[in-house]
Every structure is written in C-alpha cells, then in structure tokens.
$ cat input_36.cif   # mmCIF, C-alpha atoms
data_work
loop_
_atom_site.label_atom_id
_atom_site.label_comp_id
_atom_site.auth_asym_id
_atom_site.auth_seq_id
_atom_site.Cartn_x
_atom_site.Cartn_y
_atom_site.Cartn_z
CA HIS F 1 -10.32 -53.09 32.68
CA GLY F 2 -11.23 -56.79 32.56
CA ASP F 3 -8.80 -57.56 29.72
CA ILE F 4 -5.86 -55.91 31.50
CA THR F 5 -6.83 -57.63 34.75
CA LYS F 6 -6.58 -61.01 32.98
CA ARG F 7 -3.13 -60.18 31.65
CA GLN F 8 -1.99 -59.12 35.13
CA ARG F 9 -3.44 -62.20 36.81
CA TYR F 10 -1.47 -63.73 39.71
CA SER F 11 0.30 -66.96 38.75
CA ALA F 12 0.96 -68.15 42.35
CA ASP F 13 -2.01 -70.11 43.72
CA PHE F 14 -2.80 -71.42 47.20
CA ARG F 15 -3.55 -74.78 45.57
CA GLU F 16 0.23 -75.31 45.46
CA VAL F 17 0.68 -74.98 49.25
CA GLN F 18 0.58 -78.36 51.01
CA GLY F 19 -0.52 -78.30 54.65
CA GLN F 20 -0.11 -75.07 56.65
CA GLU F 21 -3.85 -74.77 57.29
CA GLY F 22 -3.25 -72.42 60.24
CA ALA F 23 -1.05 -70.06 58.22
CA LYS F 24 -3.51 -70.12 55.30
CA ARG F 25 -6.40 -69.33 57.62
CA ALA F 26 -4.46 -66.37 59.07
CA ALA F 27 -3.71 -65.17 55.53
CA GLU F 28 -7.42 -65.30 54.66
CA ILE F 29 -8.31 -63.22 57.71
CA ALA F 30 -5.50 -60.76 56.93
CA ALA F 31 -6.74 -60.28 53.34
CA SER F 32 -10.37 -59.93 54.47
CA GLY F 33 -9.83 -57.15 57.00
CA PHE F 34 -6.51 -55.70 55.74
CA HIS F 35 -4.76 -56.90 58.91
CA ASN F 36 -0.98 -57.03 59.28
CA LEU F 37 0.35 -60.59 59.60
CA LEU F 38 3.57 -62.11 60.98
CA LEU F 39 4.40 -65.74 60.12
CA ILE F 40 6.88 -67.53 62.40
CA GLY F 41 8.42 -70.92 61.65
CA ALA F 42 11.51 -72.96 60.90
CA PRO F 43 13.27 -72.58 57.52
CA GLY F 44 11.53 -74.32 54.61
CA THR F 45 8.08 -74.59 56.19
CA GLY F 46 6.41 -72.47 53.48
CA LYS F 47 6.14 -69.01 55.09
CA SER F 48 7.19 -67.23 51.90
CA MET F 49 4.94 -69.47 49.76
CA VAL F 50 1.92 -68.42 51.81
CA ALA F 51 2.87 -64.72 51.81
CA LYS F 52 3.43 -64.54 48.04
CA ARG F 53 -0.08 -65.88 47.44
CA VAL F 54 -1.92 -63.35 49.61
CA PRO F 55 -2.37 -60.71 46.85
CA GLY F 56 -4.14 -63.39 44.78
CA ILE F 57 -6.94 -63.72 47.36
CA MET F 58 -7.41 -59.97 47.90
CA PRO F 59 -10.21 -58.15 46.06
CA PHE F 60 -9.18 -56.58 42.75
CA LEU F 61 -8.40 -52.87 42.84
CA SER F 62 -11.39 -50.59 42.37
CA GLU F 63 -11.21 -48.03 39.57
CA ALA F 64 -10.30 -45.25 42.01
CA GLU F 65 -7.64 -47.40 43.70
CA SER F 66 -6.22 -48.45 40.33
CA LEU F 67 -5.82 -44.79 39.33
CA GLU F 68 -4.24 -43.93 42.66
CA VAL F 69 -1.68 -46.77 42.47
CA SER F 70 -0.97 -46.07 38.79
CA GLN F 71 -0.09 -42.44 39.62
CA ILE F 72 2.45 -43.63 42.22
CA TYR F 73 4.04 -46.08 39.77
CA SER F 74 4.08 -43.41 37.06
CA ILE F 75 6.00 -41.00 39.34
CA ALA F 76 8.43 -43.85 40.16
CA GLY F 77 8.86 -44.61 36.44
CA LEU F 78 7.64 -48.17 36.86
CA LEU F 79 4.77 -48.26 34.35
CA SER F 80 5.29 -49.82 30.93
CA GLU F 81 3.56 -49.49 27.56
CA GLU F 82 2.29 -53.05 28.01
CA PHE F 83 0.73 -52.23 31.39
CA PRO F 84 -0.06 -48.48 31.46
CA MET F 85 -2.41 -49.00 34.42
CA MET F 86 -2.02 -50.99 37.64
CA MET F 87 -4.94 -53.38 37.83
CA ARG F 88 -3.77 -55.72 40.56
CA ARG F 89 -2.65 -55.00 44.09
CA PRO F 90 1.07 -54.31 44.40
CA PHE F 91 3.34 -56.87 46.06
CA ARG F 92 6.66 -55.44 47.18
CA ALA F 93 9.33 -57.65 48.75
CA PRO F 94 12.48 -55.62 49.51
CA HIS F 95 15.60 -57.57 50.53
CA HIS F 96 16.62 -57.32 54.19
CA THR F 97 19.70 -55.33 53.14
CA ALA F 98 17.45 -52.52 51.84
CA SER F 99 18.30 -49.16 53.41
CA ALA F 100 15.90 -47.09 55.47
CA GLN F 101 15.73 -44.58 52.59
CA ALA F 102 14.83 -47.34 50.11
CA LEU F 103 11.88 -48.23 52.33
CA ALA F 104 10.77 -44.69 53.16
CA GLY F 105 11.60 -42.97 49.87
CA GLY F 106 13.41 -39.70 49.35
CA GLY F 107 16.43 -38.48 47.43
CA LYS F 108 17.27 -35.08 45.95
CA ASN F 109 14.02 -35.12 44.00
CA PRO F 110 11.97 -37.23 46.46
CA LYS F 111 10.62 -40.44 44.97
CA PRO F 112 8.33 -43.07 46.51
CA GLY F 113 9.98 -45.79 48.59
CA GLU F 114 8.85 -49.38 49.10
CA VAL F 115 6.18 -48.44 51.65
CA THR F 116 4.53 -46.17 49.05
CA LEU F 117 4.99 -48.61 46.16
CA ALA F 118 3.09 -51.12 48.34
CA HIS F 119 0.15 -48.68 48.78
CA ARG F 120 -3.21 -50.53 48.54
CA GLY F 121 -1.28 -53.80 48.33
CA VAL F 122 1.23 -55.90 50.25
CA LEU F 123 4.66 -55.10 51.71
CA PHE F 124 6.40 -58.42 52.39
CA LEU F 125 9.41 -58.47 54.71
CA ASP F 126 11.06 -61.88 54.59
CA GLU F 127 13.54 -62.58 57.43
CA MET F 128 12.14 -59.55 59.27
CA PRO F 129 14.70 -59.48 62.14
CA GLU F 130 17.51 -59.22 59.56
CA PHE F 131 16.33 -55.73 58.55
CA SER F 132 18.15 -52.90 60.31
CA LYS F 133 16.48 -51.45 63.40
CA ARG F 134 16.20 -48.06 61.65
CA SER F 135 14.42 -49.61 58.66
CA LEU F 136 11.92 -51.43 60.88
CA GLU F 137 11.17 -48.39 63.02
CA ILE F 138 10.38 -46.39 59.86
CA LEU F 139 7.35 -48.66 59.41
CA ARG F 140 5.68 -47.51 62.61
CA GLN F 141 4.27 -44.21 61.29
CA PRO F 142 2.81 -45.50 58.00
CA LEU F 143 1.36 -48.56 59.78
CA GLU F 144 -0.47 -46.20 62.13
CA ASP F 145 -1.40 -43.36 59.75
CA GLY F 146 -1.47 -44.83 56.21
CA TYR F 147 1.05 -42.31 54.90
CA ILE F 148 4.73 -41.43 55.37
CA ARG F 149 6.08 -37.93 55.94
CA LEU F 150 9.60 -37.11 54.76
CA SER F 151 11.35 -33.98 56.03
CA ARG F 152 14.04 -32.68 53.70
CA VAL F 153 16.03 -29.43 53.36
CA HIS F 154 13.69 -28.13 50.65
CA GLY F 155 10.48 -29.02 52.47
CA THR F 156 8.29 -31.77 53.86
CA TYR F 157 6.82 -34.39 51.55
CA CYS F 158 3.89 -36.66 52.29
CA PHE F 159 3.43 -39.92 50.36
CA PRO F 160 0.53 -42.41 50.69
CA ALA F 161 1.56 -45.68 52.38
CA ASP F 162 -1.58 -47.63 53.26
CA PHE F 163 -0.35 -51.20 52.86
CA LEU F 164 -0.89 -54.63 54.36
CA LEU F 165 2.31 -55.70 56.12
CA LEU F 166 3.21 -59.36 55.73
CA ALA F 167 6.34 -60.48 57.54
CA ALA F 168 8.07 -63.83 57.94
CA MET F 169 10.79 -64.84 60.37
CA ASN F 170 12.57 -67.75 62.00
CA PRO F 171 12.01 -68.07 65.76
CA CYS F 172 15.79 -67.89 66.45
CA PRO F 173 19.10 -67.49 64.56
CA CYS F 174 19.33 -71.21 63.69
CA GLY F 175 15.58 -71.38 63.01
CA TYR F 176 14.51 -74.36 65.14
CA TYR F 177 13.48 -72.94 68.53
CA PRO F 178 11.47 -74.16 70.52
CA ASP F 179 12.54 -77.66 69.29
CA MET F 180 15.46 -78.04 71.71
CA ASN F 181 16.53 -81.29 70.01
CA ARG F 182 17.49 -79.26 66.93
CA CYS F 183 17.99 -75.69 68.21
CA THR F 184 21.66 -74.79 68.77
CA CYS F 185 21.04 -71.26 70.10
CA SER F 186 21.62 -70.06 73.65
CA PRO F 187 18.76 -68.29 75.53
CA ALA F 188 20.69 -65.00 75.14
CA GLU F 189 20.99 -65.49 71.37
CA ILE F 190 17.27 -66.27 71.05
CA GLY F 191 16.29 -63.27 73.18
CA GLY F 192 18.59 -60.92 71.28
CA TYR F 193 17.26 -62.13 67.93
CA LEU F 194 13.61 -61.64 68.90
CA LYS F 195 14.27 -58.22 70.44
CA ARG F 196 15.27 -56.91 67.01
CA ILE F 197 11.50 -56.47 66.56
CA SER F 198 10.41 -53.83 69.07
CA GLN F 199 7.25 -54.12 71.13
CA PRO F 200 5.69 -50.96 69.58
CA LEU F 201 6.14 -52.49 66.12
CA LEU F 202 4.84 -55.86 67.31
CA ASP F 203 1.76 -54.11 68.72
CA ARG F 204 0.96 -52.88 65.19
CA ILE F 205 0.78 -56.45 63.86
CA ASP F 206 -2.74 -57.85 64.21
CA LEU F 207 -2.06 -61.52 63.51
CA CYS F 208 0.84 -63.75 64.53
CA ALA F 209 0.68 -67.32 63.14
CA GLU F 210 3.02 -70.31 63.16
CA ALA F 211 4.10 -72.21 60.08
CA ALA F 212 4.69 -75.70 61.44
CA PRO F 213 6.99 -78.29 59.80
CA ILE F 214 5.10 -80.40 57.23
CA SER F 215 4.97 -84.16 57.85
CA TYR F 216 6.38 -86.66 55.36
CA GLN F 217 2.88 -88.07 54.89
CA ALA F 218 1.48 -84.68 53.89
CA LEU F 219 4.28 -84.19 51.35
CA SER F 220 4.34 -87.72 49.93
CA SER F 221 0.55 -88.08 49.67
CA PRO F 222 -0.60 -84.60 48.64
CA SER F 223 -4.33 -83.99 48.84
CA GLU F 224 -6.33 -81.56 46.72
CA GLN F 225 -5.84 -78.11 48.23
CA GLU F 226 -8.29 -75.22 48.10
CA GLY F 227 -7.38 -72.75 45.35
CA SER F 228 -6.96 -68.98 45.60
CA ALA F 229 -10.18 -68.35 43.62
CA GLN F 230 -12.28 -70.19 46.24
CA ILE F 231 -10.63 -68.35 49.13
CA ARG F 232 -11.05 -65.01 47.32
CA GLN F 233 -14.82 -65.57 47.11
CA ARG F 234 -15.02 -65.67 50.92
CA VAL F 235 -12.69 -62.68 51.23
CA GLU F 236 -14.76 -60.63 48.77
CA LYS F 237 -17.95 -61.46 50.66
CA ALA F 238 -16.39 -60.25 53.94
CA VAL F 239 -15.12 -57.08 52.20
CA ARG F 240 -18.64 -56.38 50.84
CA ILE F 241 -20.03 -56.67 54.39
CA GLN F 242 -17.45 -54.11 55.57
CA LYS F 243 -18.20 -51.79 52.65
CA GLU F 244 -21.91 -51.77 53.50
CA ARG F 245 -21.23 -51.32 57.23
CA TYR F 246 -18.87 -48.38 56.75
CA GLU F 247 -20.75 -46.64 53.94
CA GLY F 248 -20.74 -42.90 54.51
CA THR F 249 -17.68 -43.04 56.79
CA THR F 250 -13.94 -42.72 56.12
CA LEU F 251 -13.42 -46.39 57.06
CA CYS F 252 -12.77 -49.10 54.44
CA PHE F 253 -11.64 -52.20 56.36
CA ASN F 254 -11.94 -53.50 59.92
CA ALA F 255 -8.22 -52.80 60.39
CA ASP F 256 -9.05 -49.06 60.02
CA LEU F 257 -11.32 -49.00 63.09
CA THR F 258 -10.52 -46.42 65.76
CA PRO F 259 -11.29 -47.07 69.46
CA ARG F 260 -14.55 -45.13 69.00
CA GLY F 261 -15.35 -47.15 65.88
CA ILE F 262 -14.71 -50.38 67.78
CA GLU F 263 -17.30 -49.31 70.37
CA GLN F 264 -19.80 -48.61 67.59
CA TYR F 265 -19.25 -51.58 65.27
CA CYS F 266 -17.84 -54.40 67.42
CA GLU F 267 -20.82 -55.70 69.37
CA VAL F 268 -19.69 -58.64 71.53
CA SER F 269 -21.88 -61.35 73.05
CA SER F 270 -21.97 -61.72 76.87
CA GLN F 271 -19.92 -64.95 76.69
CA GLY F 272 -17.42 -63.19 74.46
CA ARG F 273 -17.04 -60.29 76.93
CA GLU F 274 -16.41 -62.74 79.76
CA LEU F 275 -13.66 -64.45 77.75
CA LEU F 276 -12.13 -61.11 76.73
CA GLY F 277 -11.90 -59.96 80.36
CA LYS F 278 -10.09 -63.15 81.42
CA ALA F 279 -7.69 -62.95 78.46
CA TYR F 280 -6.92 -59.28 79.18
CA ASP F 281 -5.80 -60.12 82.74
CA ARG F 282 -4.05 -63.42 81.95
CA LEU F 283 -2.10 -62.27 78.87
CA LYS F 284 -1.42 -58.75 80.23
CA ILE F 285 -2.09 -57.30 76.79
CA SER F 286 -1.74 -53.60 76.00
CA ALA F 287 -4.69 -51.38 75.14
CA ARG F 288 -3.53 -51.35 71.50
CA ALA F 289 -3.39 -55.16 71.40
CA TYR F 290 -6.86 -55.34 73.02
CA HIS F 291 -8.30 -53.19 70.23
CA ARG F 292 -6.54 -55.27 67.59
CA ILE F 293 -8.06 -58.47 69.01
CA LEU F 294 -11.52 -56.93 68.62
CA LYS F 295 -10.79 -55.80 65.05
CA VAL F 296 -9.58 -59.28 64.06
CA ALA F 297 -12.59 -60.88 65.78
CA ARG F 298 -14.84 -58.50 63.78
CA THR F 299 -13.28 -59.82 60.56
CA ILE F 300 -13.65 -63.46 61.64
CA ALA F 301 -17.32 -62.77 62.40
CA ASP F 302 -17.72 -61.14 58.97
CA LEU F 303 -16.26 -64.24 57.29
CA GLU F 304 -19.04 -66.20 59.00
CA GLU F 305 -21.62 -63.47 58.21
CA SER F 306 -22.30 -62.98 61.92
CA ARG F 307 -23.56 -59.54 63.02
CA MET F 308 -22.38 -60.05 66.60
CA ILE F 309 -18.88 -61.11 67.66
CA GLN F 310 -19.23 -64.47 69.41
CA ARG F 311 -16.98 -66.25 71.91
CA GLU F 312 -15.49 -68.54 69.22
CA HIS F 313 -14.52 -65.53 67.07
CA LEU F 314 -12.68 -64.00 70.02
CA GLU F 315 -11.01 -67.31 70.90
CA GLU F 316 -9.45 -67.45 67.44
CA ALA F 317 -8.45 -63.76 67.50
CA ILE F 318 -6.84 -64.11 70.95
CA GLY F 319 -4.93 -67.14 69.67
CA TYR F 320 -3.22 -64.94 67.10
CA ARG F 321 -2.13 -62.53 69.88
CA SER F 322 -1.15 -65.14 72.48
CA LEU F 323 1.38 -66.65 70.06
CA ASP F 324 3.60 -63.57 70.25
CA LYS F 325 3.62 -64.03 74.05
CA LYS F 326 5.09 -67.51 73.48
CA TYR F 327 8.19 -65.95 71.90
CA TRP F 328 8.32 -62.38 73.29
CA ARG F 329 7.92 -63.14 76.97
#
$ encode --input "input_36.cif" --output "structure tokens"
Amino acid sequence: HGDITKRQRYSADFREVQGQEGAKRAAEIAASGFHNLLLIGAPGTGKSMVAKRVPGIMPFLSEAESLEVSQIYSIAGLLSEEFPMMMRRPFRAPHHTASAQALAGGGKNPKPGEVTLAHRGVLFLDEMPEFSKRSLEILRQPLEDGYIRLSRVHGTYCFPADFLLLAAMNPCPCGYYPDMNRCTCSPAEIGGYLKRISQPLLDRIDLCAEAAPISYQALSSPSEQEGSAQIRQRVEKAVRIQKERYEGTTLCFNADLTPRGIEQYCEVSSQGRELLGKAYDRLKISARAYHRILKVARTIADLEESRMIQREHLEEAIGYRSLDKKYWR
C-alpha cells in the first residue's frame, strides 16, 4: 500500500501558489470537512492552480475506500497493470463542453460518468457557467444524496457519486467585474452570466471564496509558501476529530451532517448564536444555507481543536456565504 501510494504521489504542491491566502484557506476547510467550494476571480488569478492542489492535502484513501474506487475504475476500464489499485483520491476535471451523459454516466451498457469517477475524490468544474444548464442541474441529486440514479429502458441503475465539488468561474463574461475600470460587460450581461448557476445548485455549495489579483510585489519577490504536506497535517488532524465524533454513526465528515445531526454535534456559544441570528435576518439566507454555515463553522472549530463553535468560527463561515450575495443579489 505504501509503495504504491509513493508512486501515485501528487506532483502539484501548494508551495508553488504565490499569494491567494484566502483561497488557500477555503481549500483547507473544504478538504477538512469535505465541503463543496466555488472560487470566483478574474482570469489568471490562480483559481485552477489552487483547485488542482486540493487532492494533495486530503487524507489518503483508506483501504476500504481504495477498494471501492478501484472497483469503479475497473468497471470503467481505467486501471492499468502499473496501477492495479487506486491509492490516491480521484481528481476529475471534465471540459465545459462535456455532455450531461458524460457527467452522469449511461450508455447502452451503463458505465460510470464523471460524477462517479470522482467518487471519494474531487470533481473540478473550471469555467462553471460555461457548462450547459442540463449538465449543471444533473449535479444536484448526487450533491445531496452521494449517488446518482439513471433510469434507462432496461432498468434503473444506481452509481456511487460522493465527491467534493470544486468549481471555478469568472465573475462576468469578460472576467473583471466588479472592477468597473476594466469590466466591459453590461449589467444585463453580468446578471445573465451569473444566473447560469441556479440558486438550488448554489445552495449546495458550502464555501464561496474570491481569488484576488496578485500584486507585482508578491510575484516579483516571492516568499516561502506553506507546502501541501504541512497543510495536510492540519487536515488529517481535523478528519481524525470527525472520525472519533461520528464513530458508530453513518456520518464521515461534517459536510454529511443532517439537520438533526447539526443539533446534536454543532454546539454554539452564546455570542455565536447572537451573531448567527443577526446574519440570518440581514443576509436573508435560506434554511439550507443556514445549515451549511453551521457545518462549515464546525469544521473551522475542528481545525482549531475547539469543542464548541465560537463567534470567530461563525464569522469566517458566514463570510464564505455572504460572498455569493455580493454577486447573486
């Protein structure tokens, strides 16, 4: 197991990403609690660089997970003699021209699609609004249930599809909104572009983070960046905390929490509850978004090894939800 893991080691490292501390922090939280993440920013800011390095900070597959993923790749004919077992988490990045069937799977003899090939790993959608509406709406069921059901003439097929969704997008067709000195888009064009991502799909994304333009100083005088191995240590510690907390239940990560589970496992301090009440009224968030804020705050607290969710944990979690209000008003 160890030898194969070494040979399947990720080559992309967070050490290569200059700046983007906010996006990297969001990626760490996403990997720790298996939370879906959307990165928004102008072209060339490093959104894809960050996304491609997320599998490298996630915990290695357990033996059971490795077997499960290997079976999927065997059915799809994607295993080789060199790598007869999948030892690292899958990273699937379909092009935005991919059809709905390519994402969902199917065919005369139904085969796994991208959502199933990303099981226990990452599904990365670059330029998310460029995907067809039908392709994006297909994601809603697996994001909610962890599997995808395909109805065909000869029967109904159910494939596992429990993946971490990472998506990246520009804030408008030209990519520079809200910088009105550079943005050439009309309000109607911006609104139409953003509406390609429906509110129900947006509600299933736990974290929304901006990738800001990098300054000349940051690029010309690069400082030593934290590597993926260091970040993974913190992620693995948070995952261990979750494993102990949910032992004996069907839950694995904080992202799996149901409303009842949130009541049981997300104890919030009195100051935190006060903040949450104000944010609920001010941001007019949905019940689903409210629960996702608590799940993300639970992960942030786990990263700090805090039993109770404090005000500062909620402040950060709310920040990741309030950003989508900036664009999807």
$ closest_residue --input "input_36.cif" --among "F:Gln233, F:Thr249, F:Ser74, F:Ser135" --to "F:Pro59" --atoms "all atoms listed in the file"
F:Gln233
$ resolve_selection --input "input_36.cif" --expression "the PyMOL selection byres ((chain F and resi 86) around 6)" --output "mmCIF file with C-alpha atoms, in the coordinates of the input"
data_model
loop_
_atom_site.group_PDB
_atom_site.id
_atom_site.type_symbol
_atom_site.label_atom_id
_atom_site.label_comp_id
_atom_site.auth_asym_id
_atom_site.auth_seq_id
_atom_site.Cartn_x
_atom_site.Cartn_y
_atom_site.Cartn_z
ATOM 1 C CA SER F 66 -6.220 -48.450 40.330
ATOM 2 C CA SER F 70 -0.970 -46.070 38.790
ATOM 3 C CA MET F 85 -2.410 -49.000 34.420
ATOM 4 C CA MET F 87 -4.940 -53.380 37.830
ATOM 5 C CA ARG F 88 -3.770 -55.720 40.560
#
$ closest_atom_pairs --input "input_36.cif" --of "stretch 188-263 of chain F" --to "stretch 20-44 of chain F" --cutoff "10 Å" --atoms "all atoms listed in the file" --output "tab-separated table"
residue	atom	partner	partner_atom	distance
F:Leu202	CA	F:Leu38	CA	9.0
F:Arg204	CA	F:Asn36	CA	7.5
F:Ile205	CA	F:Asn36	CA	4.9
F:Asp206	CA	F:Asn36	CA	5.3
F:Leu207	CA	F:Leu37	CA	4.7
F:Cys208	CA	F:Leu38	CA	4.8
F:Ala209	CA	F:Leu39	CA	5.0
F:Glu210	CA	F:Ile40	CA	4.8
F:Ala211	CA	F:Gly41	CA	4.8
F:Ala212	CA	F:Gly41	CA	6.1
F:Pro213	CA	F:Ala42	CA	7.1
F:Ile214	CA	F:Gln20	CA	7.5
F:Gln225	CA	F:Glu21	CA	9.9
F:Ser228	CA	F:Glu28	CA	9.8
F:Ile231	CA	F:Glu28	CA	7.1
F:Arg232	CA	F:Glu28	CA	8.2
F:Arg234	CA	F:Ser32	CA	8.2
F:Val235	CA	F:Ser32	CA	4.8
F:Glu236	CA	F:Ser32	CA	7.2
F:Lys237	CA	F:Ser32	CA	8.6
F:Ala238	CA	F:Ser32	CA	6.1
F:Val239	CA	F:Ser32	CA	6.0
F:Arg240	CA	F:Ser32	CA	9.7
F:Gln242	CA	F:Gly33	CA	8.3
F:Cys252	CA	F:Gly33	CA	8.9
F:Phe253	CA	F:Gly33	CA	5.3
F:Asn254	CA	F:Gly33	CA	5.1
F:Ala255	CA	F:His35	CA	5.6
F:Asp256	CA	F:Phe34	CA	8.3
$ residues_around --input "input_36.cif" --residues "F:Ala104" --least-positions-apart "2" --cutoff "8 Å" --atoms "only C-alpha atoms" --output "number ranges by chain"
F: 100-102, 106, 112-116, 138, 148, 150
$ residues_around --input "input_36.cif" --residues "F:Asn109" --least-positions-apart "2" --cutoff "12 Å" --atoms "only C-alpha atoms" --output "list in words"
Ile75, Ala76, Gly105, Gly106, Gly107, Lys111, Pro112, Leu150, Arg152, Val153, His154, Gly155, Thr156 and Tyr157 of chain F
$ residues_around --input "input_36.cif" --residues "stretch 124-131 of chain F" --least-positions-apart "5" --cutoff "7 Å" --atoms "all atoms listed in the file" --output "list in words"
Arg92, Ala93, Pro94, His96, Thr97, Leu136, Leu165, Leu166, Ala167, Ala168, Met169, Asn170, Tyr193, Arg196 and Ile197 of chain F
$ atom_distance --input "input_36.cif" --atom1 "atom CA of F:Val296" --atom2 "atom CA of F:Ala161"
21.1 Å
$ resolve_selection --input "input_36.cif" --expression "the PyMOL selection byres ((chain F and resi 271-279) around 10)" --output "PDB file with C-alpha atoms, in the coordinates of the input"
ATOM      1  CA  GLU F 267     -20.820 -55.700  69.370  1.00  0.00           C
ATOM      2  CA  VAL F 268     -19.690 -58.640  71.530  1.00  0.00           C
ATOM      3  CA  SER F 269     -21.880 -61.350  73.050  1.00  0.00           C
ATOM      4  CA  SER F 270     -21.970 -61.720  76.870  1.00  0.00           C
ATOM      5  CA  TYR F 280      -6.920 -59.280  79.180  1.00  0.00           C
ATOM      6  CA  ASP F 281      -5.800 -60.120  82.740  1.00  0.00           C
ATOM      7  CA  ARG F 282      -4.050 -63.420  81.950  1.00  0.00           C
ATOM      8  CA  LEU F 283      -2.100 -62.270  78.870  1.00  0.00           C
ATOM      9  CA  LYS F 284      -1.420 -58.750  80.230  1.00  0.00           C
ATOM     10  CA  ILE F 285      -2.090 -57.300  76.790  1.00  0.00           C
ATOM     11  CA  TYR F 290      -6.860 -55.340  73.020  1.00  0.00           C
ATOM     12  CA  ILE F 293      -8.060 -58.470  69.010  1.00  0.00           C
ATOM     13  CA  LEU F 294     -11.520 -56.930  68.620  1.00  0.00           C
ATOM     14  CA  MET F 308     -22.380 -60.050  66.600  1.00  0.00           C
ATOM     15  CA  ILE F 309     -18.880 -61.110  67.660  1.00  0.00           C
ATOM     16  CA  GLN F 310     -19.230 -64.470  69.410  1.00  0.00           C
ATOM     17  CA  ARG F 311     -16.980 -66.250  71.910  1.00  0.00           C
ATOM     18  CA  GLU F 312     -15.490 -68.540  69.220  1.00  0.00           C
ATOM     19  CA  HIS F 313     -14.520 -65.530  67.070  1.00  0.00           C
ATOM     20  CA  LEU F 314     -12.680 -64.000  70.020  1.00  0.00           C
ATOM     21  CA  GLU F 315     -11.010 -67.310  70.900  1.00  0.00           C
ATOM     22  CA  ILE F 318      -6.840 -64.110  70.950  1.00  0.00           C
ATOM     23  CA  SER F 322      -1.150 -65.140  72.480  1.00  0.00           C
TER      24      SER F 322
END
$ atom_distance --input "input_36.cif" --atom1 "atom CA of F:Pro187" --atom2 "atom CA of F:Cys172"
9.6 Å
$ atom_distance --input "input_36.cif" --atom1 "atom CA of F:Ser186" --atom2 "atom CA of F:Ser132"
22.0 Å
$ closest_residue --input "input_36.cif" --among "F:Glu316, F:Glu263, F:Glu226, F:Asp13" --to "F:Lys52" --atoms "all atoms listed in the file"
F:Asp13
$ closest_residue --input "input_36.cif" --among "F:Phe163, F:Tyr327, F:Tyr177, F:Phe83" --to "F:Arg120" --atoms "all atoms listed in the file"
F:Phe163
